[in-house]
There are 2 protein chains.
Amino acid sequence: MSDFASTEQRLAVTCRRYPDFPRRPGVLVRLIKHIHMLLNDEANALLKPYGVNHPEYNLLMMLYGSASGTMSPSELADATGEKSANITRLTNELTDQGLISRNASADDRRKVELSLTPKGLALIESFLPDICGLLVRQGRHLAVAEQVQLEKLLKKFLSGLAD
Amino acid sequence: MSDFASTEQRLAVTCRRYPDFPRRPGVLVRLIKHIHMLLNDEANALLKPYGVNHPEYNLLMMLYGSASGTMSPSELADATGEKSANITRLTNELTDQGLISRNASADDRRKVELSLTPKGLALIESFLPDICGLLVRQGRHLAVAEQVQLEKLLKKFLSGLAD
DNA sequence: TATATATATTTTATAAATGTATTATCTGAA
DNA sequence: TTCAGATAATACATTTATAAAATATATATA
């Protein structure tokens with residue numbers, strides 16, 4: 001999926017064959033899918049030398065961004081969008097790598113508290129410079145005002161989903 | 001991943017811990033991921049009664065939107081973003097269901113030409129009303145001018161990726 | 001208190017996606 | 001023409017993700 005022009009061409013054909021097809025939302029949906037894929041690929045490529053993949057990175061960053069420093073598997077599932085069974089597998093791997101630790105919750109014995117180990121924190125701080133560079137580079141074609149505007153519109157778009 | 005507020009909260013913590021973190025592109029990336037997931041879920045839920053999943057739907061719609069009516073597996077891989085091995089599997093399933101047909105290409109005997117069968121076309125036209133309704137509903141919080149603006153900004157964002 | 005129901009996590013089985021190797025065909029340069 | 005890549009599609013093995021069931025604990029209510 002190299003350029004977006006062929007996608008627009010196909011949408012034009014679709015609208016010709018089926019005039020009710022809502023072209024504008026259709027373009028938006030395909031743009032989001034296309035961008036999402038590229039973002040994913042670039043992040044994976046960057047992270048590979050650090051020994052983690054994108055889902056594992058996301059999981060680590062959720063813990064890094066949590067106010068308390070610990071999250072339960074179900075909170076992580078909610079935050080990352082992964083299914084809970086997948087969280088079990090991913091946290092197993094991260095635990096095996098010594099990047100996070102598992103502890104039983106004191107107040108609810110069903111719960112498990114996951115937190116970064118010093119090694120996990122060190123890994124995050126080792127890849128963050130690269131990640132920051134990537135994010136800046138990815139957004140470089142947009143002026144700050146445009147980034148603000150895009151954020152606003154995406155949030156509005158989001159508000160029309162799943163309610 | 002129900003609401004986006006907790007994501008923003010985590011990004012705020014991240015920026016506090018690591019001040020160089022580029023918050024704005026970071027928000028954009030997470031918004032795209034979040035929206036992509038919701039779009040995917042809604043499409044899957046809608047398509048389930050029709051007996052196809054989202055990747056299969058995408059494949060069918062690429063054929064529907066192709067000017068010639070036929071595409072090769074590698075063109076489909078490029079158009080959908082799926083790996084070619086995955087296209088083989090998906091087209092096997094669609095062929096088994098009688099929705100698409102496979103034919104050897106006349107001018108390049110390495111190639112396979114895939115095209116919709118009447119049954120596949122009928123299926124598409126049976127779910128298109130629902131799909132159109134979904135797309136309209138998904139975009140309903142945005143005025144037309146906002147959709148245009150969002151499309152423009154997403155394309156600009158896209159232009160900063162993978163080059 | 002006892003019992004039903006709900007929640008949190010993990011296990012197991014299955015499905016989906018990916019990477020790599022293989023086969024067949026094509027293209028271009030020697 | 002022939003031979004060395006390049007390209008197209010598929011097969012196979014492995015990894016990754018999902019769904020369904022199992023286990024343990026908590027909560028509500030009768």
# chains A, B, ... in the order shown; residues from 1 in each chain; ligands from 1

call {"tool": "calpha_fit_and_write", "arguments": {"fixed": "chain A", "moving": "chain B", "output": "CSV table (one decimal) with N, CA and C atoms, in the first residue's frame"}}
result
chain,number,residue,atom,x,y,z
B,1,MET,N,0.9,-1.3,0.1
B,1,MET,CA,0.0,-0.1,0.1
B,1,MET,C,0.9,1.2,0.1
B,2,SER,N,1.4,1.5,-1.1
B,2,SER,CA,2.4,2.6,-1.1
B,2,SER,C,1.8,3.9,-1.1
B,3,ASP,N,1.0,4.2,-2.2
B,3,ASP,CA,0.5,5.6,-2.2
B,3,ASP,C,-1.1,5.5,-2.0
B,4,PHE,N,-1.7,6.6,-1.8
B,4,PHE,CA,-3.1,6.7,-1.5
B,4,PHE,C,-3.9,6.9,-2.8
B,5,ALA,N,-3.2,7.3,-3.9
B,5,ALA,CA,-3.9,7.7,-5.1
B,5,ALA,C,-4.8,6.5,-5.6
B,6,SER,N,-4.2,5.3,-5.6
B,6,SER,CA,-5.0,4.2,-6.1
B,6,SER,C,-6.2,3.9,-5.3
B,7,THR,N,-6.1,4.1,-4.0
B,7,THR,CA,-7.2,4.0,-3.1
B,7,THR,C,-8.3,4.9,-3.5
B,8,GLU,N,-8.0,6.2,-3.8
B,8,GLU,CA,-9.0,7.1,-4.2
B,8,GLU,C,-9.6,6.8,-5.5
B,9,GLN,N,-8.8,6.2,-6.3
B,9,GLN,CA,-9.3,5.8,-7.7
B,9,GLN,C,-10.3,4.7,-7.5
B,10,ARG,N,-10.0,3.7,-6.6
B,10,ARG,CA,-11.0,2.7,-6.3
B,10,ARG,C,-12.3,3.2,-5.7
B,11,LEU,N,-12.1,4.2,-4.8
B,11,LEU,CA,-13.3,4.8,-4.2
B,11,LEU,C,-14.2,5.5,-5.3
B,12,ALA,N,-13.5,6.1,-6.2
B,12,ALA,CA,-14.3,6.8,-7.3
B,12,ALA,C,-15.1,5.8,-8.1
B,13,VAL,N,-14.4,4.6,-8.4
B,13,VAL,CA,-15.2,3.6,-9.1
B,13,VAL,C,-16.3,3.1,-8.3
B,14,THR,N,-16.1,2.9,-7.0
B,14,THR,CA,-17.1,2.4,-6.1
B,14,THR,C,-18.3,3.3,-6.1
B,15,CYS,N,-18.0,4.6,-6.1
B,15,CYS,CA,-19.1,5.6,-6.1
B,15,CYS,C,-19.9,5.7,-7.4
B,16,ARG,N,-19.1,5.4,-8.5
B,16,ARG,CA,-19.8,5.4,-9.7
B,16,ARG,C,-20.8,4.2,-9.8
B,17,ARG,N,-20.3,3.0,-9.3
B,17,ARG,CA,-21.1,1.8,-9.4
B,17,ARG,C,-22.3,1.9,-8.4
B,18,TYR,N,-22.0,2.6,-7.3
B,18,TYR,CA,-23.0,2.6,-6.2
B,18,TYR,C,-23.1,4.0,-5.7
B,19,PRO,N,-23.9,4.8,-6.3
B,19,PRO,CA,-23.9,6.2,-6.1
B,19,PRO,C,-24.2,6.7,-4.6
B,20,ASP,N,-24.9,5.8,-3.9
B,20,ASP,CA,-25.2,6.2,-2.5
B,20,ASP,C,-24.0,6.1,-1.6
B,21,PHE,N,-22.9,5.5,-2.1
B,21,PHE,CA,-21.7,5.3,-1.2
B,21,PHE,C,-21.2,6.6,-0.7
B,22,PRO,N,-21.1,6.8,0.6
B,22,PRO,CA,-20.6,8.1,1.2
B,22,PRO,C,-19.1,8.2,1.0
B,23,ARG,N,-18.8,8.9,0.0
B,23,ARG,CA,-17.3,9.0,-0.4
B,23,ARG,C,-16.5,9.6,0.7
B,24,ARG,N,-17.0,10.7,1.3
B,24,ARG,CA,-16.1,11.4,2.3
B,24,ARG,C,-15.8,10.5,3.5
B,25,PRO,N,-16.8,10.0,4.2
B,25,PRO,CA,-16.4,9.2,5.4
B,25,PRO,C,-15.6,8.0,4.9
B,26,GLY,N,-15.9,7.5,3.7
B,26,GLY,CA,-15.2,6.3,3.2
B,26,GLY,C,-13.7,6.6,3.1
B,27,VAL,N,-13.4,7.8,2.5
B,27,VAL,CA,-12.0,8.2,2.4
B,27,VAL,C,-11.4,8.3,3.8
B,28,LEU,N,-12.1,8.9,4.7
B,28,LEU,CA,-11.5,9.1,6.1
B,28,LEU,C,-11.2,7.7,6.7
B,29,VAL,N,-12.1,6.8,6.6
B,29,VAL,CA,-11.8,5.4,7.1
B,29,VAL,C,-10.6,4.8,6.5
B,30,ARG,N,-10.5,4.9,5.2
B,30,ARG,CA,-9.3,4.3,4.5
B,30,ARG,C,-8.0,5.0,4.8
B,31,LEU,N,-8.1,6.3,5.0
B,31,LEU,CA,-6.9,7.1,5.4
B,31,LEU,C,-6.4,6.7,6.8
B,32,ILE,N,-7.4,6.5,7.7
B,32,ILE,CA,-7.0,6.1,9.0
B,32,ILE,C,-6.4,4.8,9.0
B,33,LYS,N,-7.0,3.9,8.3
B,33,LYS,CA,-6.4,2.5,8.2
B,33,LYS,C,-5.0,2.6,7.6
B,34,HIS,N,-4.8,3.3,6.5
B,34,HIS,CA,-3.5,3.4,5.9
B,34,HIS,C,-2.5,4.0,6.8
B,35,ILE,N,-2.8,5.1,7.4
B,35,ILE,CA,-1.9,5.8,8.3
B,35,ILE,C,-1.5,4.9,9.5
B,36,HIS,N,-2.6,4.2,10.0
B,36,HIS,CA,-2.3,3.4,11.2
B,36,HIS,C,-1.3,2.3,10.8
B,37,MET,N,-1.4,1.8,9.6
B,37,MET,CA,-0.5,0.7,9.2
B,37,MET,C,0.9,1.2,9.1
B,38,LEU,N,1.1,2.4,8.5
B,38,LEU,CA,2.4,3.0,8.4
B,38,LEU,C,3.0,3.3,9.7
B,39,LEU,N,2.2,3.9,10.6
B,39,LEU,CA,2.7,4.2,12.0
B,39,LEU,C,3.2,2.9,12.7
B,40,ASN,N,2.4,1.9,12.5
B,40,ASN,CA,2.8,0.6,13.1
B,40,ASN,C,4.1,0.1,12.6
B,41,ASP,N,4.2,0.1,11.3
B,41,ASP,CA,5.4,-0.4,10.6
B,41,ASP,C,6.6,0.4,11.1
B,42,GLU,N,6.5,1.7,11.1
B,42,GLU,CA,7.7,2.5,11.5
B,42,GLU,C,8.1,2.2,12.9
B,43,ALA,N,7.1,2.2,13.8
B,43,ALA,CA,7.4,1.9,15.2
B,43,ALA,C,8.0,0.5,15.4
B,44,ASN,N,7.5,-0.5,14.7
B,44,ASN,CA,8.1,-1.8,14.8
B,44,ASN,C,9.5,-1.8,14.3
B,45,ALA,N,9.8,-1.1,13.2
B,45,ALA,CA,11.2,-1.1,12.7
B,45,ALA,C,12.1,-0.5,13.7
B,46,LEU,N,11.7,0.6,14.3
B,46,LEU,CA,12.5,1.3,15.2
B,46,LEU,C,12.8,0.5,16.5
B,47,LEU,N,11.7,-0.2,16.9
B,47,LEU,CA,11.8,-1.0,18.2
B,47,LEU,C,12.6,-2.3,18.1
B,48,LYS,N,12.7,-2.8,16.9
B,48,LYS,CA,13.3,-4.1,16.7
B,48,LYS,C,14.7,-4.3,17.4
B,49,PRO,N,15.6,-3.3,17.2
B,49,PRO,CA,16.9,-3.4,17.8
B,49,PRO,C,16.8,-3.4,19.4
B,50,TYR,N,15.7,-2.9,19.9
B,50,TYR,CA,15.6,-2.9,21.4
B,50,TYR,C,15.0,-4.2,21.9
B,51,GLY,N,14.6,-5.1,21.0
B,51,GLY,CA,14.1,-6.4,21.5
B,51,GLY,C,12.7,-6.5,21.9
B,52,VAL,N,11.9,-5.4,21.5
B,52,VAL,CA,10.5,-5.5,21.8
B,52,VAL,C,9.7,-5.1,20.5
B,53,ASN,N,8.5,-5.6,20.5
B,53,ASN,CA,7.6,-5.3,19.4
B,53,ASN,C,6.6,-4.2,19.8
B,54,HIS,N,5.8,-3.8,18.9
B,54,HIS,CA,4.9,-2.7,19.2
B,54,HIS,C,3.9,-2.9,20.3
B,55,PRO,N,3.3,-4.1,20.4
B,55,PRO,CA,2.4,-4.3,21.5
B,55,PRO,C,3.1,-4.3,22.8
B,56,GLU,N,4.3,-4.8,22.9
B,56,GLU,CA,5.1,-4.8,24.1
B,56,GLU,C,5.5,-3.4,24.5
B,57,TYR,N,5.9,-2.6,23.5
B,57,TYR,CA,6.2,-1.2,23.7
B,57,TYR,C,5.0,-0.5,24.3
B,58,ASN,N,3.8,-0.7,23.7
B,58,ASN,CA,2.6,0.0,24.2
B,58,ASN,C,2.4,-0.3,25.7
B,59,LEU,N,2.5,-1.6,26.0
B,59,LEU,CA,2.3,-2.0,27.3
B,59,LEU,C,3.3,-1.3,28.3
B,60,LEU,N,4.6,-1.3,27.9
B,60,LEU,CA,5.6,-0.7,28.7
B,60,LEU,C,5.2,0.8,28.9
B,61,MET,N,4.8,1.5,27.8
B,61,MET,CA,4.5,2.9,27.9
B,61,MET,C,3.3,3.2,28.7
B,62,MET,N,2.4,2.3,28.8
B,62,MET,CA,1.2,2.5,29.6
B,62,MET,C,1.6,2.5,31.1
B,63,LEU,N,2.5,1.6,31.4
B,63,LEU,CA,3.0,1.5,32.8
B,63,LEU,C,3.8,2.8,33.1
B,64,TYR,N,4.6,3.2,32.1
B,64,TYR,CA,5.4,4.4,32.3
B,64,TYR,C,4.5,5.6,32.6
B,65,GLY,N,3.4,5.6,31.9
B,65,GLY,CA,2.5,6.8,32.0
B,65,GLY,C,1.5,6.7,33.1
B,66,SER,N,1.5,5.6,33.9
B,66,SER,CA,0.5,5.5,34.9
B,66,SER,C,0.9,6.2,36.1
B,67,ALA,N,0.0,6.9,36.7
B,67,ALA,CA,0.3,7.8,37.9
B,67,ALA,C,0.8,7.0,39.0
B,68,SER,N,0.3,5.8,39.3
B,68,SER,CA,0.7,5.0,40.4
B,68,SER,C,1.9,4.2,40.2
B,69,GLY,N,2.2,4.0,38.9
B,69,GLY,CA,3.4,3.1,38.6
B,69,GLY,C,3.0,1.6,38.5
B,70,THR,N,1.8,1.3,38.8
B,70,THR,CA,1.3,-0.1,38.6
B,70,THR,C,0.0,-0.1,38.0
B,71,MET,N,-0.3,-1.2,37.2
B,71,MET,CA,-1.6,-1.4,36.6
B,71,MET,C,-1.9,-2.9,36.6
B,72,SER,N,-3.1,-3.2,36.7
B,72,SER,CA,-3.6,-4.6,36.6
B,72,SER,C,-3.7,-5.0,35.1
B,73,PRO,N,-3.7,-6.3,34.9
B,73,PRO,CA,-3.9,-6.8,33.5
B,73,PRO,C,-5.1,-6.2,32.9
B,74,SER,N,-6.2,-6.2,33.6
B,74,SER,CA,-7.4,-5.7,33.0
B,74,SER,C,-7.4,-4.2,32.6
B,75,GLU,N,-6.7,-3.4,33.5
B,75,GLU,CA,-6.5,-2.0,33.2
B,75,GLU,C,-5.6,-1.9,31.9
B,76,LEU,N,-4.6,-2.7,31.8
B,76,LEU,CA,-3.7,-2.7,30.6
B,76,LEU,C,-4.5,-3.1,29.4
B,77,ALA,N,-5.4,-4.1,29.5
B,77,ALA,CA,-6.2,-4.5,28.4
B,77,ALA,C,-7.1,-3.3,27.9
B,78,ASP,N,-7.7,-2.6,28.9
B,78,ASP,CA,-8.5,-1.5,28.5
B,78,ASP,C,-7.6,-0.3,27.9
B,79,ALA,N,-6.5,-0.1,28.4
B,79,ALA,CA,-5.6,1.0,27.9
B,79,ALA,C,-5.1,0.7,26.6
B,80,THR,N,-4.7,-0.5,26.3
B,80,THR,CA,-4.0,-0.8,25.0
B,80,THR,C,-5.0,-1.3,24.0
B,81,GLY,N,-6.2,-1.8,24.4
B,81,GLY,CA,-7.1,-2.3,23.4
B,81,GLY,C,-6.9,-3.8,23.2
B,82,GLU,N,-5.9,-4.4,23.9
B,82,GLU,CA,-5.7,-5.8,23.7
B,82,GLU,C,-6.7,-6.6,24.5
B,83,LYS,N,-7.0,-7.8,24.0
B,83,LYS,CA,-7.8,-8.7,24.8
B,83,LYS,C,-7.0,-9.2,26.0
B,84,SER,N,-7.8,-9.6,27.1
B,84,SER,CA,-7.1,-9.9,28.3
B,84,SER,C,-6.2,-11.1,28.2
B,85,ALA,N,-6.7,-12.1,27.4
B,85,ALA,CA,-5.8,-13.3,27.2
B,85,ALA,C,-4.5,-12.9,26.5
B,86,ASN,N,-4.5,-11.9,25.7
B,86,ASN,CA,-3.3,-11.5,25.0
B,86,ASN,C,-2.4,-10.8,26.0
B,87,ILE,N,-3.0,-10.0,26.9
B,87,ILE,CA,-2.2,-9.4,28.0
B,87,ILE,C,-1.4,-10.4,28.8
B,88,THR,N,-2.1,-11.5,29.1
B,88,THR,CA,-1.4,-12.5,29.9
B,88,THR,C,-0.2,-13.0,29.1
B,89,ARG,N,-0.3,-13.2,27.9
B,89,ARG,CA,0.8,-13.7,27.1
B,89,ARG,C,1.9,-12.6,27.0
B,90,LEU,N,1.5,-11.4,26.7
B,90,LEU,CA,2.5,-10.3,26.6
B,90,LEU,C,3.2,-10.1,27.9
B,91,THR,N,2.5,-10.0,29.0
B,91,THR,CA,3.1,-9.8,30.3
B,91,THR,C,4.0,-11.0,30.7
B,92,ASN,N,3.6,-12.2,30.3
B,92,ASN,CA,4.5,-13.3,30.5
B,92,ASN,C,5.9,-13.1,29.9
B,93,GLU,N,5.8,-12.6,28.6
B,93,GLU,CA,7.1,-12.4,27.9
B,93,GLU,C,7.9,-11.3,28.5
B,94,LEU,N,7.2,-10.2,28.9
B,94,LEU,CA,8.0,-9.1,29.5
B,94,LEU,C,8.5,-9.5,30.9
B,95,THR,N,7.8,-10.3,31.6
B,95,THR,CA,8.3,-10.8,32.9
B,95,THR,C,9.5,-11.7,32.7
B,96,ASP,N,9.4,-12.6,31.7
B,96,ASP,CA,10.6,-13.4,31.4
B,96,ASP,C,11.8,-12.6,31.0
B,97,GLN,N,11.6,-11.5,30.3
B,97,GLN,CA,12.7,-10.6,30.0
B,97,GLN,C,13.2,-9.8,31.2
B,98,GLY,N,12.4,-9.8,32.2
B,98,GLY,CA,12.8,-9.1,33.4
B,98,GLY,C,12.5,-7.6,33.3
B,99,LEU,N,11.5,-7.2,32.4
B,99,LEU,CA,11.2,-5.8,32.2
B,99,LEU,C,10.1,-5.3,33.1
B,100,ILE,N,9.2,-6.2,33.5
B,100,ILE,CA,8.2,-5.9,34.4
B,100,ILE,C,8.1,-6.9,35.5
B,101,SER,N,7.4,-6.6,36.6
B,101,SER,CA,7.2,-7.6,37.7
B,101,SER,C,5.8,-7.7,38.0
B,102,ARG,N,5.4,-8.9,38.5
B,102,ARG,CA,4.1,-9.2,38.9
B,102,ARG,C,4.0,-9.4,40.4
B,103,ASN,N,2.9,-8.8,41.0
B,103,ASN,CA,2.8,-8.9,42.4
B,103,ASN,C,1.3,-9.0,42.7
B,104,ALA,N,1.0,-9.9,43.6
B,104,ALA,CA,-0.4,-10.0,44.0
B,104,ALA,C,-0.9,-8.7,44.7
B,105,SER,N,-2.1,-8.3,44.4
B,105,SER,CA,-2.7,-7.1,45.0
B,105,SER,C,-3.1,-7.4,46.5
B,106,ALA,N,-2.8,-6.4,47.3
B,106,ALA,CA,-3.1,-6.6,48.7
B,106,ALA,C,-4.6,-6.5,49.0
B,107,ASP,N,-5.3,-5.6,48.4
B,107,ASP,CA,-6.7,-5.4,48.7
B,107,ASP,C,-7.7,-6.2,47.9
B,108,ASP,N,-7.3,-6.7,46.8
B,108,ASP,CA,-8.1,-7.6,46.0
B,108,ASP,C,-7.3,-8.8,45.5
B,109,ARG,N,-7.5,-9.9,46.1
B,109,ARG,CA,-6.6,-11.0,45.8
B,109,ARG,C,-6.8,-11.6,44.4
B,110,ARG,N,-7.9,-11.2,43.7
B,110,ARG,CA,-8.0,-11.6,42.3
B,110,ARG,C,-7.0,-10.9,41.4
B,111,LYS,N,-6.6,-9.7,41.9
B,111,LYS,CA,-5.8,-8.8,41.0
B,111,LYS,C,-4.3,-9.1,41.1
B,112,VAL,N,-3.7,-8.7,40.0
B,112,VAL,CA,-2.3,-8.8,39.9
B,112,VAL,C,-1.8,-7.4,39.6
B,113,GLU,N,-0.7,-6.9,40.3
B,113,GLU,CA,-0.2,-5.6,40.0
B,113,GLU,C,1.1,-5.7,39.2
B,114,LEU,N,1.1,-5.1,38.1
B,114,LEU,CA,2.2,-5.1,37.2
B,114,LEU,C,2.9,-3.8,37.3
B,115,SER,N,4.3,-3.8,37.4
B,115,SER,CA,5.0,-2.6,37.4
B,115,SER,C,6.4,-2.8,36.7
B,116,LEU,N,6.9,-1.7,36.3
B,116,LEU,CA,8.2,-1.7,35.6
B,116,LEU,C,9.3,-2.1,36.6
B,117,THR,N,10.2,-2.9,36.1
B,117,THR,CA,11.5,-3.1,36.9
B,117,THR,C,12.5,-2.0,36.5
B,118,PRO,N,13.5,-1.8,37.3
B,118,PRO,CA,14.6,-0.9,36.9
B,118,PRO,C,15.1,-1.2,35.5
B,119,LYS,N,15.2,-2.5,35.2
B,119,LYS,CA,15.6,-2.9,33.8
B,119,LYS,C,14.6,-2.4,32.8
B,120,GLY,N,13.3,-2.5,33.1
B,120,GLY,CA,12.3,-2.1,32.1
B,120,GLY,C,12.3,-0.6,32.0
B,121,LEU,N,12.5,0.1,33.1
B,121,LEU,CA,12.6,1.6,33.0
B,121,LEU,C,13.8,2.0,32.2
B,122,ALA,N,14.9,1.3,32.4
B,122,ALA,CA,16.1,1.7,31.7
B,122,ALA,C,15.9,1.4,30.2
B,123,LEU,N,15.2,0.3,29.9
B,123,LEU,CA,15.0,0.1,28.4
B,123,LEU,C,14.2,1.2,27.8
B,124,ILE,N,13.1,1.6,28.5
B,124,ILE,CA,12.2,2.7,28.1
B,124,ILE,C,13.1,3.9,27.8
B,125,GLU,N,13.9,4.3,28.8
B,125,GLU,CA,14.7,5.5,28.7
B,125,GLU,C,15.8,5.4,27.6
B,126,SER,N,16.1,4.1,27.2
B,126,SER,CA,17.1,4.0,26.2
B,126,SER,C,16.4,4.2,24.8
B,127,PHE,N,15.1,3.8,24.7
B,127,PHE,CA,14.5,3.9,23.3
B,127,PHE,C,13.7,5.3,23.2
B,128,LEU,N,13.5,5.9,24.3
B,128,LEU,CA,12.7,7.1,24.2
B,128,LEU,C,13.3,8.2,23.3
B,129,PRO,N,14.6,8.4,23.3
B,129,PRO,CA,15.1,9.4,22.4
B,129,PRO,C,14.8,9.1,20.9
B,130,ASP,N,14.9,7.8,20.6
B,130,ASP,CA,14.6,7.4,19.2
B,130,ASP,C,13.1,7.6,18.9
B,131,ILE,N,12.3,7.2,19.9
B,131,ILE,CA,10.8,7.3,19.7
B,131,ILE,C,10.4,8.8,19.6
B,132,CYS,N,11.0,9.6,20.4
B,132,CYS,CA,10.7,11.1,20.3
B,132,CYS,C,11.1,11.6,18.9
B,133,GLY,N,12.2,11.2,18.4
B,133,GLY,CA,12.7,11.6,17.1
B,133,GLY,C,11.7,11.1,16.1
B,134,LEU,N,11.2,9.9,16.2
B,134,LEU,CA,10.3,9.4,15.2
B,134,LEU,C,9.0,10.2,15.2
B,135,LEU,N,8.5,10.4,16.4
B,135,LEU,CA,7.2,11.1,16.5
B,135,LEU,C,7.3,12.5,15.9
B,136,VAL,N,8.4,13.2,16.2
B,136,VAL,CA,8.6,14.6,15.7
B,136,VAL,C,8.7,14.5,14.1
B,137,ARG,N,9.4,13.5,13.7
B,137,ARG,CA,9.6,13.4,12.2
B,137,ARG,C,8.2,13.1,11.6
B,138,GLN,N,7.4,12.2,12.2
B,138,GLN,CA,6.1,11.8,11.6
B,138,GLN,C,5.2,13.0,11.6
B,139,GLY,N,5.3,13.9,12.5
B,139,GLY,CA,4.4,15.1,12.5
B,139,GLY,C,5.0,16.3,11.8
B,140,ARG,N,6.1,16.2,11.2
B,140,ARG,CA,6.9,17.4,10.7
B,140,ARG,C,6.2,18.1,9.6
B,141,HIS,N,5.3,17.4,8.8
B,141,HIS,CA,4.7,18.1,7.7
B,141,HIS,C,3.5,19.0,8.2
B,142,LEU,N,3.2,18.9,9.4
B,142,LEU,CA,2.1,19.7,9.9
B,142,LEU,C,2.6,20.8,10.8
B,143,ALA,N,2.2,22.0,10.6
B,143,ALA,CA,2.5,23.1,11.5
B,143,ALA,C,1.8,22.8,12.9
B,144,VAL,N,2.2,23.5,13.9
B,144,VAL,CA,1.6,23.3,15.2
B,144,VAL,C,0.1,23.5,15.2
B,145,ALA,N,-0.3,24.6,14.5
B,145,ALA,CA,-1.7,24.9,14.5
B,145,ALA,C,-2.5,23.8,13.8
B,146,GLU,N,-1.8,23.2,12.8
B,146,GLU,CA,-2.5,22.1,12.1
B,146,GLU,C,-2.6,20.8,12.9
B,147,GLN,N,-1.6,20.6,13.7
B,147,GLN,CA,-1.6,19.5,14.6
B,147,GLN,C,-2.8,19.7,15.6
B,148,VAL,N,-2.9,20.9,16.1
B,148,VAL,CA,-4.0,21.2,17.1
B,148,VAL,C,-5.3,20.9,16.4
B,149,GLN,N,-5.4,21.4,15.2
B,149,GLN,CA,-6.7,21.3,14.5
B,149,GLN,C,-7.0,19.8,14.2
B,150,LEU,N,-6.0,19.1,13.8
B,150,LEU,CA,-6.2,17.7,13.5
B,150,LEU,C,-6.6,16.9,14.7
B,151,GLU,N,-5.9,17.2,15.8
B,151,GLU,CA,-6.3,16.6,17.1
B,151,GLU,C,-7.8,16.8,17.4
B,152,LYS,N,-8.2,18.1,17.2
B,152,LYS,CA,-9.6,18.5,17.5
B,152,LYS,C,-10.6,17.7,16.6
B,153,LEU,N,-10.2,17.6,15.3
B,153,LEU,CA,-11.2,17.0,14.4
B,153,LEU,C,-11.2,15.5,14.7
B,154,LEU,N,-10.1,14.9,15.0
B,154,LEU,CA,-10.0,13.4,15.3
B,154,LEU,C,-10.9,13.1,16.5
B,155,LYS,N,-10.8,14.0,17.5
B,155,LYS,CA,-11.6,13.8,18.7
B,155,LYS,C,-13.1,13.9,18.4
B,156,LYS,N,-13.4,14.8,17.6
B,156,LYS,CA,-14.8,14.9,17.2
B,156,LYS,C,-15.2,13.7,16.4
B,157,PHE,N,-14.4,13.2,15.5
B,157,PHE,CA,-14.7,12.0,14.8
B,157,PHE,C,-14.9,10.9,15.7
B,158,LEU,N,-14.0,10.7,16.7
B,158,LEU,CA,-14.0,9.7,17.7
B,158,LEU,C,-15.3,9.7,18.4
B,159,SER,N,-15.8,10.9,18.7
B,159,SER,CA,-17.0,11.0,19.5
B,159,SER,C,-18.2,10.5,18.8
B,160,GLY,N,-18.1,10.3,17.5
B,160,GLY,CA,-19.2,9.7,16.7
B,160,GLY,C,-19.2,8.2,16.7
B,161,LEU,N,-18.1,7.6,17.3
B,161,LEU,CA,-18.0,6.1,17.2
B,161,LEU,C,-18.4,5.5,18.6
B,162,ALA,N,-19.0,4.3,18.5
B,162,ALA,CA,-19.2,3.5,19.6
B,162,ALA,C,-20.0,4.2,20.7
B,163,ASP,N,-21.1,4.8,20.3
B,163,ASP,CA,-22.0,5.3,21.4
B,163,ASP,C,-23.4,5.3,20.9

call {"tool": "select_by_dssp", "arguments": {"residues": "stretch 78-130 of chain B", "states": "strand (DSSP E)", "output": "PDB file with C-alpha atoms, in the first residue's frame"}}
result
ATOM      1  CA  ILE B 100     -14.645 -14.735  -6.124  1.00  0.00           C
ATOM      2  CA  SER B 101     -13.082 -16.715  -8.946  1.00  0.00           C
ATOM      3  CA  ARG B 102      -9.486 -17.450  -9.833  1.00  0.00           C
ATOM      4  CA  ASN B 103      -8.231 -17.519 -13.404  1.00  0.00           C
ATOM      5  CA  ALA B 104      -4.794 -17.832 -14.888  1.00  0.00           C
ATOM      6  CA  VAL B 112      -3.667 -15.138 -11.190  1.00  0.00           C
ATOM      7  CA  GLU B 113      -6.654 -12.976 -11.966  1.00  0.00           C
ATOM      8  CA  LEU B 114      -9.215 -12.665  -9.224  1.00  0.00           C
ATOM      9  CA  SER B 115     -12.691 -11.376  -9.903  1.00  0.00           C
ATOM     10  CA  LEU B 116     -16.061 -11.196  -8.227  1.00  0.00           C
TER      11      LEU B 116
END

call {"tool": "residues_around", "arguments": {"residues": "stretch 13-22 of chain D", "least_positions_apart": "5", "cutoff": "8 Å", "atoms": "only C-alpha atoms (C1' of nucleotides)", "output": "ChimeraX atom specification"}}
result
/A:83,86 /C:11,15-18

call {"tool": "interface_residues", "arguments": {"of": "chain C", "to": "chain B", "cutoff": "12 Å", "atoms": "only C-alpha atoms (C1' of nucleotides)", "output": "list in words"}}
result
DA16, DA17, DT18, DG19, DT20, DT23, DA24, DT25, DC26 and DT27 of chain C

call {"tool": "write_last_selection", "arguments": {"atoms": "C-alpha atoms (C1' of nucleotides)", "output": "PDB file, in the first residue's frame"}}
result
ATOM      1  C1'  DA C  16      -5.322 -15.560  11.935  1.00  0.00           C
ATOM      2  C1'  DA C  17      -1.111 -13.449  10.437  1.00  0.00           C
ATOM      3  C1'  DT C  18       3.766 -13.523   9.349  1.00  0.00           C
ATOM      4  C1'  DG C  19       8.447 -15.050   7.675  1.00  0.00           C
ATOM      5  C1'  DT C  20      10.816 -18.052   4.943  1.00  0.00           C
ATOM      6  C1'  DT C  23       8.100 -23.472  -7.658  1.00  0.00           C
ATOM      7  C1'  DA C  24       7.131 -21.391 -11.881  1.00  0.00           C
ATOM      8  C1'  DT C  25       7.583 -17.751 -15.026  1.00  0.00           C
ATOM      9  C1'  DC C  26       9.393 -13.645 -16.880  1.00  0.00           C
ATOM     10  C1'  DT C  27      13.056 -10.079 -18.170  1.00  0.00           C
TER      11       DT C  27
END
